[in-house]
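The file entry.cif contains mmCIF, C-alpha atoms and all ligand atoms:
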```cif
data_structure
#
loop_
_atom_site.label_atom_id
_atom_site.label_comp_id
_atom_site.auth_asym_id
_atom_site.auth_seq_id
_atom_site.Cartn_x
_atom_site.Cartn_y
_atom_site.Cartn_z
CA MET D 1 -97.55 146.76 19.22
CA HIS D 2 -96.14 145.97 22.68
CA ILE D 3 -96.70 142.39 23.90
CA LEU D 4 -95.90 140.62 27.16
CA LEU D 5 -95.68 136.81 27.14
CA ILE D 6 -95.85 134.90 30.41
CA GLY D 7 -94.03 131.60 30.88
CA SER D 8 -90.61 129.97 30.61
CA GLY D 9 -90.90 126.64 28.80
CA GLY D 10 -90.46 125.29 25.30
CA ARG D 11 -94.07 126.22 24.62
CA GLU D 12 -93.33 129.85 25.41
CA HIS D 13 -90.15 129.85 23.32
CA ALA D 14 -92.20 128.64 20.34
CA LEU D 15 -94.86 131.28 21.04
CA ALA D 16 -92.20 133.98 21.41
CA TRP D 17 -90.61 132.91 18.11
CA LYS D 18 -93.95 133.07 16.32
CA ILE D 19 -95.13 136.32 17.94
CA ALA D 20 -91.77 138.00 17.27
CA SER D 21 -92.10 137.16 13.57
CA SER D 22 -95.27 139.28 13.32
CA PRO D 23 -94.80 142.62 11.57
CA LEU D 24 -97.33 144.05 14.06
CA VAL D 25 -94.94 143.62 16.99
CA THR D 26 -92.58 146.41 17.93
CA LYS D 27 -91.57 145.11 21.37
CA LEU D 28 -91.89 141.72 23.06
CA TRP D 29 -91.14 140.93 26.70
CA CYS D 30 -91.26 137.56 28.35
CA ALA D 31 -91.63 136.94 32.08
CA PRO D 32 -89.58 135.11 33.21
CA GLY D 33 -88.42 133.52 29.90
CA ASN D 34 -85.33 131.37 29.43
CA ALA D 35 -81.97 131.43 27.63
CA GLY D 36 -83.55 130.70 24.23
CA ILE D 37 -86.47 133.10 24.61
CA ALA D 38 -83.90 135.83 25.24
CA SER D 39 -83.09 135.84 21.52
CA GLU D 40 -86.73 136.65 20.65
CA ALA D 41 -87.85 138.80 23.57
CA GLU D 42 -86.52 140.84 26.45
CA CYS D 43 -86.74 138.51 29.44
CA ILE D 44 -87.81 140.19 32.66
CA ALA D 45 -87.79 139.00 36.25
CA LEU D 46 -91.41 139.77 37.04
CA ASP D 47 -93.24 137.81 39.74
CA VAL D 48 -96.26 136.65 37.73
CA THR D 49 -98.11 135.56 40.88
CA ASP D 50 -98.17 139.26 41.82
CA HIS D 51 -100.91 140.46 39.47
CA ALA D 52 -100.59 144.07 40.64
CA ALA D 53 -96.91 144.01 39.62
CA VAL D 54 -97.80 142.58 36.19
CA ILE D 55 -100.43 145.31 35.71
CA ALA D 56 -97.95 147.99 36.81
CA PHE D 57 -95.38 146.66 34.31
CA CYS D 58 -97.96 146.69 31.52
CA ARG D 59 -99.00 150.25 32.31
CA ALA D 60 -95.43 151.51 32.57
CA ASN D 61 -94.46 149.88 29.28
CA LYS D 62 -97.69 150.45 27.33
CA VAL D 63 -98.28 146.73 26.84
CA GLU D 64 -101.26 146.24 24.54
CA LEU D 65 -101.57 142.45 24.75
CA VAL D 66 -100.58 139.89 27.38
CA VAL D 67 -100.31 136.24 26.29
CA VAL D 68 -100.33 133.64 29.06
CA GLY D 69 -98.67 130.28 28.30
CA PRO D 70 -99.06 128.05 31.40
CA GLU D 71 -102.19 127.02 33.32
CA THR D 72 -101.22 128.12 36.83
CA PRO D 73 -101.54 131.89 36.27
CA LEU D 74 -104.80 131.29 34.37
CA ALA D 75 -106.27 129.30 37.27
CA ALA D 76 -105.09 132.08 39.60
CA GLY D 77 -107.20 134.60 37.67
CA ILE D 78 -104.51 136.66 35.98
CA ILE D 79 -106.79 137.27 32.97
CA ASP D 80 -109.61 138.54 35.23
CA ASP D 81 -107.25 141.01 36.89
CA LEU D 82 -105.74 142.22 33.60
CA ASP D 83 -109.23 142.59 32.09
CA ALA D 84 -110.36 144.57 35.13
CA ALA D 85 -107.34 146.86 34.67
CA GLY D 86 -108.30 147.42 31.01
CA ILE D 87 -105.32 145.44 29.64
CA LYS D 88 -106.09 143.02 26.80
CA ALA D 89 -105.05 139.48 27.72
CA PHE D 90 -105.20 136.19 25.84
CA GLY D 91 -106.47 133.20 27.81
CA PRO D 92 -109.52 132.10 29.80
CA ARG D 93 -110.72 133.87 32.93
CA ARG D 94 -110.54 131.97 36.23
CA LEU D 95 -114.00 130.44 36.11
CA ALA D 96 -113.50 129.28 32.52
CA ALA D 97 -110.05 127.89 33.42
CA GLN D 98 -111.89 125.43 35.68
CA LEU D 99 -112.15 123.24 32.59
CA GLU D 100 -108.58 122.31 33.47
CA GLY D 101 -108.54 123.30 37.14
CA SER D 102 -111.36 120.97 38.19
CA LYS D 103 -111.90 117.59 36.56
CA GLY D 104 -115.26 117.30 38.36
CA PHE D 105 -116.40 120.63 36.87
CA THR D 106 -115.61 119.38 33.36
CA LYS D 107 -117.33 116.04 33.92
CA ASP D 108 -120.47 117.81 35.15
CA LEU D 109 -120.42 120.09 32.09
CA CYS D 110 -120.14 116.99 29.86
CA SER D 111 -123.08 115.34 31.53
CA GLU D 112 -125.22 118.53 31.28
CA HIS D 113 -124.50 118.95 27.57
CA ASP D 114 -124.28 115.32 26.42
CA ILE D 115 -120.61 115.61 25.57
CA PRO D 116 -119.27 112.07 25.07
CA THR D 117 -116.95 111.06 27.91
CA GLY D 118 -116.41 108.13 30.31
CA ALA D 119 -118.86 107.40 33.13
CA TYR D 120 -117.71 109.01 36.38
CA CYS D 121 -118.41 109.81 40.02
CA ARG D 122 -117.04 112.59 42.29
CA PHE D 123 -115.95 111.88 45.88
CA ASP D 124 -114.82 113.95 48.84
CA ASN D 125 -113.94 111.01 51.08
CA ALA D 126 -111.99 107.77 50.78
CA PRO D 127 -114.54 105.21 52.09
CA GLU D 128 -117.16 106.08 49.45
CA ALA D 129 -114.53 106.21 46.69
CA LEU D 130 -113.18 102.80 47.74
CA ALA D 131 -116.68 101.30 47.80
CA TYR D 132 -117.27 102.66 44.29
CA VAL D 133 -114.10 101.21 42.75
CA ARG D 134 -114.73 97.85 44.46
CA ASP D 135 -118.14 97.84 42.85
CA GLN D 136 -116.86 98.93 39.41
CA GLY D 137 -113.67 96.83 39.27
CA ALA D 138 -110.46 97.53 37.30
CA PRO D 139 -109.17 98.90 35.01
CA ILE D 140 -110.41 102.25 36.27
CA VAL D 141 -109.01 105.79 36.37
CA VAL D 142 -108.51 107.77 39.58
CA LYS D 143 -108.01 111.54 39.21
CA ALA D 144 -107.23 114.28 41.68
CA ASP D 145 -109.81 116.98 40.98
CA GLY D 146 -107.43 119.95 40.95
CA LEU D 147 -104.17 120.95 39.25
CA ALA D 148 -101.38 118.51 40.12
CA ALA D 149 -98.64 119.48 37.63
CA GLY D 150 -99.84 116.83 35.16
CA LYS D 151 -99.35 114.02 37.69
CA GLY D 152 -102.82 113.77 39.20
CA VAL D 153 -104.10 110.86 37.10
CA VAL D 154 -103.64 107.18 37.95
CA VAL D 155 -104.75 104.69 35.32
CA ALA D 156 -105.23 101.72 37.64
CA GLN D 157 -104.96 98.32 35.97
CA THR D 158 -105.86 96.50 39.18
CA LEU D 159 -108.21 97.15 42.06
CA ALA D 160 -105.22 97.30 44.42
CA GLU D 161 -103.68 100.13 42.36
CA ALA D 162 -106.97 102.03 42.39
CA GLU D 163 -107.27 101.62 46.17
CA ALA D 164 -103.68 102.77 46.68
CA ALA D 165 -104.29 105.83 44.47
CA ILE D 166 -107.42 106.78 46.42
CA GLY D 167 -105.57 106.37 49.72
CA MET D 168 -102.63 108.46 48.50
CA MET D 169 -104.85 111.27 47.17
CA PHE D 170 -107.04 111.57 50.27
CA GLU D 171 -103.92 111.44 52.47
CA GLY D 172 -102.71 114.59 50.72
CA GLY D 173 -100.38 113.10 48.07
CA PHE D 174 -101.34 115.95 45.73
CA GLY D 175 -102.14 118.46 48.45
CA ILE D 176 -105.36 120.40 48.07
CA ALA D 177 -105.72 119.16 44.44
CA GLY D 178 -106.65 115.73 45.83
CA ALA D 179 -109.21 116.91 48.40
CA GLU D 180 -111.78 115.80 45.86
CA VAL D 181 -111.31 112.78 43.60
CA VAL D 182 -113.00 111.89 40.33
CA ILE D 183 -113.22 108.23 39.42
CA GLU D 184 -113.69 107.62 35.75
CA GLU D 185 -114.39 104.73 33.44
CA PHE D 186 -111.26 103.45 31.67
CA LEU D 187 -111.52 104.40 27.99
CA GLU D 188 -109.88 102.10 25.48
CA GLY D 189 -108.60 103.39 22.15
CA ARG D 190 -106.08 105.69 20.52
CA GLU D 191 -105.38 108.93 22.30
CA VAL D 192 -105.27 112.21 20.30
CA SER D 193 -104.88 115.86 21.21
CA PHE D 194 -107.23 118.39 19.67
CA PHE D 195 -106.74 122.16 19.87
CA ALA D 196 -109.19 124.97 19.18
CA LEU D 197 -108.83 128.74 19.38
CA CYS D 198 -111.93 130.18 21.09
CA ASP D 199 -113.38 133.66 21.54
CA GLY D 200 -116.21 132.81 23.94
CA GLU D 201 -118.60 131.93 21.15
CA THR D 202 -116.72 130.64 18.11
CA ALA D 203 -114.08 127.90 18.05
CA ILE D 204 -111.57 127.56 15.22
CA PRO D 205 -109.80 124.20 15.12
CA LEU D 206 -106.00 124.33 14.96
CA ALA D 207 -103.89 121.79 13.09
CA SER D 208 -103.86 118.36 14.75
CA ALA D 209 -100.91 117.28 16.85
CA GLN D 210 -99.89 114.31 18.94
CA ASP D 211 -97.49 114.06 21.83
CA HIS D 212 -95.62 111.17 23.45
CA LYS D 213 -96.15 111.13 27.21
CA ARG D 214 -94.05 108.13 28.28
CA VAL D 215 -90.39 108.70 29.02
CA PHE D 216 -88.88 105.78 27.07
CA ASP D 217 -89.02 104.41 23.53
CA HIS D 218 -91.97 102.18 22.60
CA ASP D 219 -94.11 104.32 24.94
CA GLU D 220 -92.69 102.66 28.03
CA GLY D 221 -91.85 104.00 31.50
CA PRO D 222 -93.58 106.65 33.57
CA ASN D 223 -95.63 109.55 32.20
CA THR D 224 -93.88 112.87 31.66
CA GLY D 225 -94.94 116.35 30.56
CA GLY D 226 -94.26 115.11 27.01
CA MET D 227 -91.12 113.75 25.31
CA GLY D 228 -91.93 114.80 21.77
CA ALA D 229 -94.74 115.59 19.36
CA TYR D 230 -95.66 115.73 15.71
CA SER D 231 -98.22 117.49 13.52
CA PRO D 232 -100.44 116.68 11.71
CA THR D 233 -101.58 113.33 13.05
CA PRO D 234 -103.06 110.93 10.48
CA PHE D 235 -105.44 109.56 13.11
CA VAL D 236 -107.65 112.64 13.18
CA THR D 237 -109.36 111.97 9.86
CA PRO D 238 -111.74 114.60 8.44
CA GLU D 239 -114.65 112.54 9.80
CA ILE D 240 -113.20 112.31 13.31
CA HIS D 241 -112.29 115.99 13.15
CA ASP D 242 -115.91 116.90 12.45
CA GLN D 243 -117.19 114.61 15.22
CA ILE D 244 -114.83 116.21 17.74
CA MET D 245 -115.88 119.72 16.68
CA ASP D 246 -119.63 118.92 16.64
CA LYS D 247 -119.92 116.71 19.72
CA ILE D 248 -117.15 117.92 22.01
CA ILE D 249 -115.70 121.37 21.25
CA GLY D 250 -118.91 123.06 20.00
CA PRO D 251 -121.11 121.98 22.94
CA THR D 252 -118.35 122.91 25.41
CA VAL D 253 -118.04 126.45 24.06
CA ALA D 254 -121.86 126.81 23.97
CA GLY D 255 -122.19 125.30 27.48
CA MET D 256 -119.58 127.64 28.94
CA LYS D 257 -121.28 130.65 27.36
CA ALA D 258 -124.68 129.53 28.68
CA ARG D 259 -123.20 129.30 32.20
CA GLY D 260 -122.04 132.90 31.96
CA THR D 261 -118.37 131.86 31.89
CA PRO D 262 -117.49 132.06 28.17
CA PHE D 263 -114.25 130.35 27.23
CA LYS D 264 -111.63 132.46 25.46
CA GLY D 265 -108.21 131.08 24.68
CA ILE D 266 -106.85 127.72 23.64
CA LEU D 267 -109.06 124.75 24.40
CA TYR D 268 -106.97 121.57 24.34
CA ALA D 269 -109.02 118.39 24.42
CA GLY D 270 -107.55 115.00 25.31
CA VAL D 271 -109.69 112.65 23.26
CA MET D 272 -109.81 108.87 23.15
CA LEU D 273 -110.89 107.40 19.82
CA THR D 274 -113.04 104.58 21.17
CA LYS D 275 -115.13 102.01 19.30
CA GLU D 276 -118.18 104.18 20.07
CA GLY D 277 -116.50 107.30 18.65
CA PRO D 278 -114.35 110.10 20.12
CA LYS D 279 -114.72 110.60 23.88
CA LEU D 280 -113.28 113.44 25.94
CA PHE D 281 -111.05 112.43 28.85
CA GLU D 282 -109.67 115.81 29.84
CA TYR D 283 -109.45 119.48 28.97
CA ASN D 284 -106.50 121.80 29.26
CA VAL D 285 -106.99 125.53 28.87
CA ARG D 286 -103.74 126.42 27.09
CA PHE D 287 -101.40 125.07 24.44
CA GLY D 288 -99.83 121.69 25.11
CA ASP D 289 -96.09 121.59 25.61
CA PRO D 290 -94.52 120.19 23.33
CA GLU D 291 -97.49 120.22 20.88
CA CYS D 292 -97.33 124.03 20.71
CA GLN D 293 -93.84 123.81 19.25
CA VAL D 294 -94.95 121.81 16.21
CA LEU D 295 -98.11 123.90 15.78
CA MET D 296 -96.11 127.14 15.73
CA LEU D 297 -93.74 125.69 13.11
CA ARG D 298 -96.71 124.81 10.91
CA MET D 299 -98.75 127.99 11.38
CA MET D 300 -98.53 130.08 8.22
CA SER D 301 -100.80 132.90 9.39
CA ASP D 302 -99.61 135.71 11.62
CA ILE D 303 -100.55 134.59 15.14
CA VAL D 304 -101.01 138.09 16.58
CA PRO D 305 -104.25 139.00 14.73
CA ALA D 306 -105.60 135.56 15.71
CA LEU D 307 -104.88 136.17 19.41
CA LEU D 308 -106.42 139.65 19.21
CA ALA D 309 -109.52 138.33 17.43
CA ALA D 310 -109.96 135.72 20.17
CA CYS D 311 -109.70 138.41 22.88
CA ASP D 312 -112.16 140.65 21.00
CA GLY D 313 -114.77 137.94 20.24
CA GLN D 314 -114.10 138.31 16.52
CA LEU D 315 -113.18 134.80 15.38
CA LYS D 316 -116.42 134.32 13.46
CA ASN D 317 -114.96 135.44 10.16
CA PHE D 318 -111.39 134.50 10.93
CA ASP D 319 -109.27 132.01 9.06
CA LEU D 320 -105.98 130.35 10.00
CA ARG D 321 -103.68 128.87 7.40
CA TRP D 322 -101.10 126.13 7.91
CA PHE D 323 -98.01 124.95 6.05
CA PRO D 324 -98.54 121.48 4.59
CA GLU D 325 -95.15 120.19 5.83
CA VAL D 326 -95.01 117.78 8.75
CA ALA D 327 -93.34 119.03 11.93
CA VAL D 328 -91.68 116.85 14.57
CA THR D 329 -90.20 117.89 17.90
CA VAL D 330 -87.90 115.77 20.05
CA VAL D 331 -87.53 116.72 23.71
CA MET D 332 -84.05 116.49 25.20
CA ALA D 333 -84.33 116.00 28.95
CA ALA D 334 -81.91 115.79 31.86
CA LYS D 335 -80.98 112.20 32.81
CA GLY D 336 -83.25 111.07 35.63
CA TYR D 337 -86.31 113.02 34.41
CA PRO D 338 -89.22 112.66 35.26
CA GLY D 339 -87.63 111.67 38.58
CA ALA D 340 -84.73 113.48 40.24
CA TYR D 341 -82.16 115.11 37.94
CA ALA D 342 -79.19 117.43 38.25
CA LYS D 343 -79.04 121.01 36.97
CA GLY D 344 -76.08 122.98 35.68
CA SER D 345 -74.48 120.68 33.07
CA VAL D 346 -73.11 122.37 29.94
CA ILE D 347 -74.83 121.89 26.58
CA GLU D 348 -72.82 122.47 23.40
CA GLY D 349 -73.53 122.37 19.68
CA ILE D 350 -76.97 124.00 19.75
CA ASP D 351 -76.01 126.68 17.20
CA ASP D 352 -74.64 124.11 14.74
CA ALA D 353 -77.75 121.97 15.09
CA ALA D 354 -80.00 124.99 14.52
CA LYS D 355 -78.25 125.72 11.20
CA LEU D 356 -79.58 122.53 9.59
CA ASP D 357 -82.21 123.04 6.94
CA GLY D 358 -85.75 123.01 8.34
CA VAL D 359 -84.55 122.80 11.95
CA GLU D 360 -85.61 125.07 14.80
CA ILE D 361 -84.52 124.66 18.40
CA PHE D 362 -86.70 125.85 21.24
CA HIS D 363 -85.35 126.03 24.77
CA ALA D 364 -87.26 124.85 27.83
CA GLY D 365 -85.20 124.53 31.04
CA THR D 366 -82.02 126.38 30.09
CA VAL D 367 -80.03 129.25 31.53
CA ALA D 368 -77.14 131.24 30.01
CA LYS D 369 -74.01 131.63 32.13
CA ASP D 370 -70.66 133.10 31.07
CA GLY D 371 -71.48 132.54 27.42
CA ALA D 372 -72.48 128.88 27.93
CA ILE D 373 -75.91 127.28 27.91
CA LEU D 374 -76.59 125.21 31.02
CA ALA D 375 -79.38 122.73 31.75
CA ASN D 376 -81.77 124.22 34.27
CA GLY D 377 -84.77 121.89 34.35
CA GLY D 378 -86.15 118.44 33.54
CA ARG D 379 -87.17 119.03 29.96
CA VAL D 380 -84.41 121.18 28.54
CA LEU D 381 -84.51 121.50 24.73
CA ASN D 382 -87.02 120.93 21.94
CA VAL D 383 -85.31 119.96 18.72
CA CYS D 384 -87.85 120.59 15.95
CA ALA D 385 -87.80 119.91 12.23
CA SER D 386 -90.18 120.30 9.29
CA ALA D 387 -90.15 118.31 6.06
CA ALA D 388 -92.46 116.91 3.40
CA THR D 389 -92.98 113.56 5.14
CA VAL D 390 -92.94 112.37 8.75
CA SER D 391 -89.94 110.12 8.10
CA GLN D 392 -87.96 113.03 6.67
CA ALA D 393 -88.94 115.38 9.49
CA GLN D 394 -87.98 112.75 12.06
CA ALA D 395 -84.63 112.08 10.35
CA ARG D 396 -83.85 115.81 10.32
CA ALA D 397 -84.76 116.24 13.96
CA TYR D 398 -82.46 113.37 15.02
CA GLN D 399 -79.67 114.67 12.77
CA ALA D 400 -79.89 117.90 14.78
CA VAL D 401 -80.10 116.03 18.10
CA ASP D 402 -76.88 114.21 17.19
CA LEU D 403 -75.04 117.51 16.76
CA ILE D 404 -75.87 118.53 20.33
CA ARG D 405 -73.20 117.56 22.83
CA TRP D 406 -74.80 117.04 26.22
CA PRO D 407 -73.65 113.89 28.06
CA ASP D 408 -76.11 114.52 30.91
CA GLY D 409 -79.13 114.57 28.62
CA PHE D 410 -81.23 111.97 26.83
CA CYS D 411 -84.14 111.77 24.42
CA ARG D 412 -86.49 109.21 22.93
CA ARG D 413 -85.35 107.92 19.54
CA ASP D 414 -88.80 107.01 18.19
CA ILE D 415 -90.84 110.23 18.22
CA ALA D 416 -93.66 110.07 15.63
CA TRP D 417 -93.35 106.29 15.26
CA GLN D 418 -97.10 105.80 14.87
CA ALA D 419 -97.33 108.33 12.04
CA ILE D 420 -94.28 106.79 10.36
CA ALA D 421 -95.84 103.32 10.57
CA GLN D 422 -98.98 104.76 9.00
CA GLU D 423 -96.91 106.51 6.30
CA LYS D 424 -95.12 103.24 5.47
CA ALA D 425 -98.42 101.35 5.36
CA HIS D 426 -99.55 103.83 2.73
CA GLY D 427 -96.34 103.35 0.74
CA GLN D 428 -94.96 106.89 1.16
P1 LIG L 501 -103.72 113.69 32.16
O1 LIG L 501 -102.74 113.89 33.28
O2 LIG L 501 -105.09 114.14 32.49
O3 LIG L 501 -103.16 114.13 30.84
O4 LIG L 501 -103.88 112.13 32.00
C1 LIG L 501 -102.74 111.33 31.85
C2 LIG L 501 -103.05 110.19 30.95
O5 LIG L 501 -103.98 109.33 31.57
C3 LIG L 501 -103.71 110.58 29.64
O6 LIG L 501 -102.79 111.02 28.70
C4 LIG L 501 -104.38 109.28 29.25
O7 LIG L 501 -103.43 108.44 28.63
C5 LIG L 501 -104.73 108.66 30.57
N1 LIG L 501 -106.18 108.77 30.87
C6 LIG L 501 -106.82 109.78 31.45
N2 LIG L 501 -108.14 109.52 31.55
C7 LIG L 501 -108.33 108.28 31.03
C8 LIG L 501 -109.46 107.43 30.85
N3 LIG L 501 -110.67 107.78 31.28
N4 LIG L 501 -109.26 106.23 30.27
C9 LIG L 501 -108.03 105.84 29.86
N5 LIG L 501 -106.93 106.58 30.01
C10 LIG L 501 -107.06 107.80 30.58
#
```

The structure given in the file should be rewritten as structure tokens.
Amino acid sequence: MHILLIGSGGREHALAWKIASSPLVTKLWCAPGNAGIASEAECIALDVTDHAAVIAFCRANKVELVVVGPETPLAAGIIDDLDAAGIKAFGPRRLAAQLEGSKGFTKDLCSEHDIPTGAYCRFDNAPEALAYVRDQGAPIVVKADGLAAGKGVVVAQTLAEAEAAIGMMFEGGFGIAGAEVVIEEFLEGREVSFFALCDGETAIPLASAQDHKRVFDHDEGPNTGGMGAYSPTPFVTPEIHDQIMDKIIGPTVAGMKARGTPFKGILYAGVMLTKEGPKLFEYNVRFGDPECQVLMLRMMSDIVPALLAACDGQLKNFDLRWFPEVAVTVVMAAKGYPGAYAKGSVIEGIDDAAKLDGVEIFHAGTVAKDGAILANGGRVLNVCASAATVSQAQARAYQAVDLIRWPDGFCRRDIAWQAIAQEKAHGQ
């Protein structure tokens, strides 16, 4: 089977690694890919914003399945255009991708279908938004409605911060994404990520995973795209799992179908475990990066039949199996990230690190030049490890990190600390 994967991050390297391991696959391309993906797939310089060019490539190369990693092409309707051209593609169509592309859309869906979430209001002008936050008080959460590269959310601890965020968004701080603003109740509790594979009607939960958004140890510093992740998370107990499926994921899939915009693809729920039970605070319509990396390490089943079944609306009788081992991934980023950083520094020792038992290294922002691997982005490498316990997986991952020689990079040293604390509390 011929497959085209779209994307260039650590998430796509993990997907490429998993897809390439399927005996069903005879040829895998990735557009645009990166230096690591090149060892799993043929990387091609295809402009993925040019849907006609993607379709032409698929036709010329007899591509039978397109897998889309990031949200931007999904929101731009790449699945709609591939579907219309008769090319099977994994991911939601444009209107279903609004679950990520418009926070207001998702909040309205929640209120229509009694999906537990924080109280909210939508605004298209600053004076009304300011009056609302002054009435509500802080803490409160201010969100740009549209896609803002993961930066469109301000958790305001004070009224002044909320007012500044509203001003910044309506003045164009996030461009068109901030033309509408959603103001949401601040939810208190532990944050978990929940993933489900959907075919428009049926949702199959994936293994649980948790990421670390803050840039520094002890969850300090600014938010990032994610500095590490682990799977499974002990905080999604079987009871919480069932509540999330019954009260959040199930009604969302049913609600989207009822609207005539069935959701196919990966539904990624950001859930706060509050005193009143799990509450949704956001949806993403694709795998999380770096959560995807740990999920791919733990997935025992062949992913390709699962992706095909989701495209074909055939998940009803489908089953996914997972390895019991814990997986941890540590992100190595360029110094300065998530602010300004330099590109082009040389990274050495990756091959030695990858030889360690249970270790897998996925590339994110890398490029190969004259036989060397150079940093080419903010988040650059994902150093992943599996083992029987979280402590062992973490120790392996850092053993591998320590073999990588990259003076211009850094990483957090405490990935999976919550799960390790929990493991210790249970005497493991
Ligand atoms: P997002 O960019 O949507 O992933 O949001 C960034 C972070 O903001 C999330 O990971 C949460 O920690 C936080 N957040 C979003 N919505 C809320 C909320 N209603 N209450 C508390 N924290 C929130």

Neighbourhood of ligand LIG 501 (chain L) at 8 Å, counting only C-alpha atoms and all ligand atoms, reported as a compact mmCIF listing (two decimals) with C-alpha atoms, in the coordinates of the input:
```txt
# COMPACT_ATOMS: atom_id res chain seq x y z
CA THR D 117 -116.95 111.06 27.91
CA GLY D 118 -116.41 108.13 30.31
CA ILE D 140 -110.41 102.25 36.27
CA VAL D 141 -109.01 105.79 36.37
CA LYS D 143 -108.01 111.54 39.21
CA GLY D 150 -99.84 116.83 35.16
CA LYS D 151 -99.35 114.02 37.69
CA GLY D 152 -102.82 113.77 39.20
CA VAL D 153 -104.10 110.86 37.10
CA VAL D 154 -103.64 107.18 37.95
CA VAL D 155 -104.75 104.69 35.32
CA GLU D 184 -113.69 107.62 35.75
CA GLU D 185 -114.39 104.73 33.44
CA PHE D 186 -111.26 103.45 31.67
CA LEU D 187 -111.52 104.40 27.99
CA GLU D 188 -109.88 102.10 25.48
CA GLU D 191 -105.38 108.93 22.30
CA LYS D 213 -96.15 111.13 27.21
CA ASN D 223 -95.63 109.55 32.20
CA GLY D 270 -107.55 115.00 25.31
CA MET D 272 -109.81 108.87 23.15
CA PHE D 281 -111.05 112.43 28.85
CA GLU D 282 -109.67 115.81 29.84
CA TYR D 283 -109.45 119.48 28.97
```

For the atom pair atom CA of D:Ile166 and atom CA of D:Thr224, what is the interatomic distance in Å to one decimal place?
-> 20.9 Å

So, counting only C-alpha atoms, which residue among D:Phe318, D:Trp29, D:Phe170, D:Tyr230 is closest to D:Ile44?
->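 Of all the options, D:Trp29 lies closest to D:Ile44.
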
Of the listed residues D:Pro116, D:Pro127, D:Pro407, D:Gly104, that which approaches D:Met332 most closely, counting all atoms listed in the file =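 When distances to D:Met332 are compared using all atoms listed in the file, the smallest one comes from D:Pro407.
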
Compile the contact shell of stretch 393-406 of chain D as a PyMOL selection string: residues with an atom at most 6 Å away, counting only C-alpha atoms, same-chain residues fewer than 4 positions apart removed.
-> chain D and resi 328+347-350+353+384-387

Skipping near chain neighbours, those fewer than 3 positions away, what residues fall within 10 Å of D:Gly146 using only C-alpha atoms, listed as a ChimeraX atom specification?
-> /D:98,100-105,143,149,152,174-182

Select, from D:Gly226, D:Thr389, D:Tyr337, D:Lys247, the residue with the minimum atom-to-atom distance to D:His426, counting all atoms listed in the file.
->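 Nearest candidate to D:His426 out of D:Gly226, D:Thr389, D:Tyr337, D:Lys247: D:Thr389.
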
Between atom CA of D:Val25 and atom CA of D:Val68, what is the distance, to one decimal in Å?
->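 Computing the Euclidean distance for atom CA of D:Val25 and atom CA of D:Val68 yields 16.6 Å.
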
Dig up all the protein and nucleic acid residues within 7 Å of (-96.5, 119.5, 24.3) in the file frame, using all atoms listed in the file, and format them as JSON, numbers by chain.
-> {"D": [211, 226, 229, 288, 289, 290, 291, 292]}

Using all atoms listed in the file, what residues lie at most 12 Å away from (-91.4, 102.8, 22.6) (file coordinates), given as a PyMOL selection string?
-> chain D and resi 212-222+227+411-418

Distance in Å - atom CA of D:Glu171 versus atom CA of D:Glu128 =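 Separation of atom CA of D:Glu171 and atom CA of D:Glu128: 14.6 Å.
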
Skip stretch 361-368 of chain D itself and residues of its chain fewer than 3 positions away, then list as a VMD selection string all residues within 10 Å of it, counting all atoms listed in the file.
-> chain D and resid 8 to 17 33 to 38 289 to 290 293 329 to 334 343 to 347 350 to 351 353 to 355 371 to 385 397 400 to 401

Closest to D:Asp302 among D:Ala75, D:Leu320, D:Ala144, D:Val253, using only C-alpha atoms?
->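 Of the candidates, the smallest distance to D:Asp302 is held by D:Leu320.
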
May I ask which of the residues D:Ser231, D:Ser39, D:Gln392, D:Thr202 is the closest one to D:Lys257, counting only C-alpha atoms?
->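 For D:Lys257, the nearest of the given residues is D:Thr202.
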
Between D:Leu267, D:Cys58, D:Val142, D:Ala45, which has the minimum distance to D:Thr158 (counting all atoms listed in the file)?
->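 Checking each of D:Leu267, D:Cys58, D:Val142, D:Ala45 against D:Thr158, counting all atoms listed in the file, the winner is D:Val142.
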
Extract, using only C-alpha atoms, all DNA, RNA and protein residues at most 10 Å from D:Gly137, discarding same-chain residues fewer than 3 positions from it, and format them as a list in words.
->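 Neighbouring residues, sequence-local ones excluded: Tyr132, Val133, Arg134, Ile140, Ala156, Gln157, Thr158, Leu159, Ala160, Ala162 and Glu185 of chain D.
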